Every structure is written in C-alpha cells, then in structure tokens.
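Engineer: Quick one: the structure is below, and I'll ask about it shortly.
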Amino acid sequence: MYDASAFCGSWAYRQVTARFLEELISQLKEAGLAGAAISPVEAILHPEPMTANRRFLKECAACAAAAAAGTADRSRAFAVYPVPVIDPNLSNWEEQLAECMALANSHRLPVPAVKIFPNYHGYEIDLPALDALAQSLAAMGITLCVQLRMEDERARHRTVNVPPLSIPDIVAFAGCHPELSILVCAPYMRDLAELNSAPNISVEMSFVESGHLLRDALRHMTASRLLVGTHAPLFIPAVGVAKAKADVVEAEVFAQISTDNFMRLFGAKH
Amino acid sequence: MQMVIDIHTHTSIKDAVFNQGDLADAKRMAAHSGIDRIVHLFNLSTGGRDPSRQDVQTSNNLAMQLVAAAPDFYMGFCYLNPANGADFCLEEMERCIVRGNLRGVKLWVAVHATDKRLDPIMERAAQLKIPVLHHSWYKGTEWAYNESSPVEIADLARRHPQTTIIMAHLAGVGWRGVLDVKECPNVCIDTSGGQPEAGLVEYAVKELGAERVLFGSDWPLRDFAVQKARITGSAITPEQKELILGGNAARILKLQKGAGRHV
C-alpha cells in the first residue's frame, strides 16, 4: 500500500510527531505502507519554497544512500517519492522547477510530481503562470498535486484564515489541461462527485470520511482514481491505511486504491 | 480480552422508525471493525438543534427499541434538551432510564453547559450513578447554536462534582480542551469526530490518564474502522489502548463482571 500525500518538516501551527524524513518513514512503515509521496511542509509558509525543497531533497538523498548502504534498517524497502513544492505566483517558478529537477537528478532521485498550494501562496487557479506550469508538467509526464487544505477549518489556529480552494475552479482547470494528471489532495467526501467529472483528476482520501466510507467514496468517484493518503505526520498514519480497509471491496478495487493508482501517478517515473 | 465499546454513535433514520435493515447494517459495520458494542446517543434526523419534547421522546423511543432488539450490541443514552423544562426532563429520565433500558444522558447544543437548567438533570444523574455525555468543541468557524466549549464543560463539572461527565470530541476540543478539564476528575473525553490529529490521543493520556479517555466514533457521520484506528495507531501502551477501547466504558457503564445493571 502506498501513501499519496505525506509531509516532512516542521509545521508552524502545532507540534508534529515526525519532523525528519527518517522518523516519518518509520511511522509510515509501522502503519503498513511500502512507500509515500512526500512534500516539504515548510515550503507552504516560507516566502519562497526552494530553501525547504533543497533541504528536503538532500534529506531524501541521504535516506536513499543509507538504504542502499544498508545502514538505515528503518529505511530499507520503503520507497520515497519526493514531491517538491512549486509556487507559480513567484516570478522564478520556472527556475524553481528546473532546480528541483536538477537537484533530484544529481542525487538520482525521481520527481514524479510537484505540489501547489494556491490558497496559501495567494493566487487563483486561473493564474496564467499556473497554466504555463501545467503545460510544462504535462510535457514532462509529471503529475500535479493540488492541496486543497492543510487542516480542518474548524480546528485551525486562530490566526489562520486560509479558505479552501474552489472545487468548480479546479474542475475547470483540469478541463483546460486534459493531458495533465492531477491529484487533488485533502478533499472532503462532499467534493468527490464534482471532482469525478474531470477524467484526469484523481483524489487521495486523507480528509474523506463517512459512516460507509468506501461505499460512499466509490459511489462518487471511480475506483481507478481513488488513492490512500495519510496527511502524515499531521494525521495518524494508521487512519489513512484503515480507510482502504474500512469495508469489504473486490480485490481489484482494493489493489487500485492501495497500489495501482499510486503507481500510475507516481511510480512509472520512479 | 476486553470488549471494544464505542461510546458515541447515532442513527440517521428518517422519522426514527426502527427497522431491522439499519440494525443489521450497524452490526455488520461494527463487526468488520472489531467493535463489540455501541452506545446510541440520539437520532440525527429527529429534531434539529433545539428539539421539542416530542422530538426527544421520538429519538429516545428509537434508542430503547434498538437496545431491546439487540441488547448484546446496542446500549443507549437518554437524549435531553434542558430547554424542555426540568419536569419533562426528569420524567423522561424516569421513563427511559429508571423504567426503561437506557444507561446515561446525552446533551448536545440546545443550551450551553453553563446554563442552570442542566442542574436538575445533572443531580438526578448523580443519584442514578449514570454518566452524562455532553457535546463540546473549540470552533475556528461558526459555532453551532448554543454549542459548549470545554471551559463550559469544566464549569458544569465543578458545579456537579458527583456526576460523571463524558466530554465529546477530543479532536474538536483539542489540546486546549484537554487542559480545560484536566483538574476536573469527573470529566472524561471521548475520541469521536473531527480529524485524526497525530499526537492528540497521546497528549490526552499523558495529561488526564488513560482512564479518562474513551473510544467513540460518531458513526454514521464517521467510520467505525477509521475512528478505531486513532486509538490502535497511537503511541500508547497496549494496556492503555485496552482501557480506551473498552475498559473505561465498561467501568463507567457498569458492565464489569459481577456488576449488575444500574438501579
């Protein structure tokens, strides 16, 4: 089973149970995961994302090297899929992307996807630079991860007033870039039906829940576009895993949700 | 092995009409998640935020039917709205708890926990030695009607130190809510609802003791298996998990071996 959305680093609004990559990997492995798409959480609140991206990619390289040398048992057999953060609202977004690719290359790391945070970085989905980024990513076969939210709006810090992204805007954006694979991160159950209308949108389930979670999610969204997500270390990893097992489903459906869809979005480029 | 007890569940049945299909569904979903017994608090489809006397009775009738139909699976609490008047609330407790088959009281958002209209209910609960489960939350968004904060629950607890209070929604009350009730030994917290914030169960155990944390799901708003994973996936000892998953509820609801039903 693979985790489509996890984070590494310090989150300003509360303590996390795993700040460093090795700690996060240990938690995710203990929860039963074989790999995860991970982004540097500090890139969300920093004025530019590259300081966090550089440190994160270096940490990924160190973990990979330790695993290869057999010196970090906890890292063995866990696949890290780095997903750096890009801010197309900054004039140097193309340099951000290029540097992330170059850094990853130099460390023999893949970059199967990049993640954007429009609401935290202060732009709308119809930003022209985002269109340009989307075209670049589609040409490179890289998945675009769009993070709707980082917290339940009811529980957010009193100084935070970041609204979630507009679902219709995301669907419209997806329609403008049919060749781009998009993973929407942190939607609620009520968002799935509308997101399903764009065939190039997949979703991860870290914020999805109802009393009949899998039945309801599969009613709104095709199995080929649902993924496991933990939102670790902010959320308990075991909960993300439990969602994929919340009810009895066909083996093929379970395989899609837990592994196949992840490999389609992240794995072919690993 | 200690049975797993979910202290916080609902139904969402149109017109609160009991049917075997809903019962079977609840049993199947709970069994899939390794949950042995659940406590029904009120029917979500009945009455809204300020239920009338009829709404309350309708919901409680359903609760008693569920318990009667599946006594080894369902337990129930008596849902009350203090705004319905003390006489009515006390008579409803007599009907549903003393003469009926329910084991506790549920309070939601109709009035604040600081409201003195709760006092007769709390006093009677103390006499009956039954718990009162009270909704609570710290909202970063709009509060729901007369929703109570943990500070208000603490006020209620200090006014009624002989009444066991279960404050609902650990993820809703958060770190601050845990501290608000820390010095109120008669307050426990249930883990139902909200998002699975990492570290919060551990924090509640550290600050309150595992004996004051109870597993709840908020089903059918939330998923049994997912909510249970908050406990099994937390970094606490197996003994603490066992207490939270069922030992504490069994103690509070007097389900331990040799303990009779409350009188």
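Chains: A, B, ... in order of the structure tokens. Residues: from 1 per chain. Ligands: from 1, in order shown.
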Distance limit 8 Å, atoms considered: only C-alpha atoms. Which chain A residues sit that close to chain B? Return them as number ranges by chain.
Structural biologist: A: 16-17, 31, 152-158, 207, 209-213, 232-240, 242-243, 245-247
Engineer: Need the shell around Ala125 in chain B: protein/DNA/RNA residues with any atom at most 8 Å away, counting only C-alpha atoms. Skip same-chain ones fewer than 4 positions apart. Format as a PyMOL selection string?
Structural biologist: chain B and resi 104-105+121+129-132+163
Engineer: Separation of CA of Arg264 in chain A and CA of Leu192 in chain A, in Å?
Structural biologist: 19.5 Å
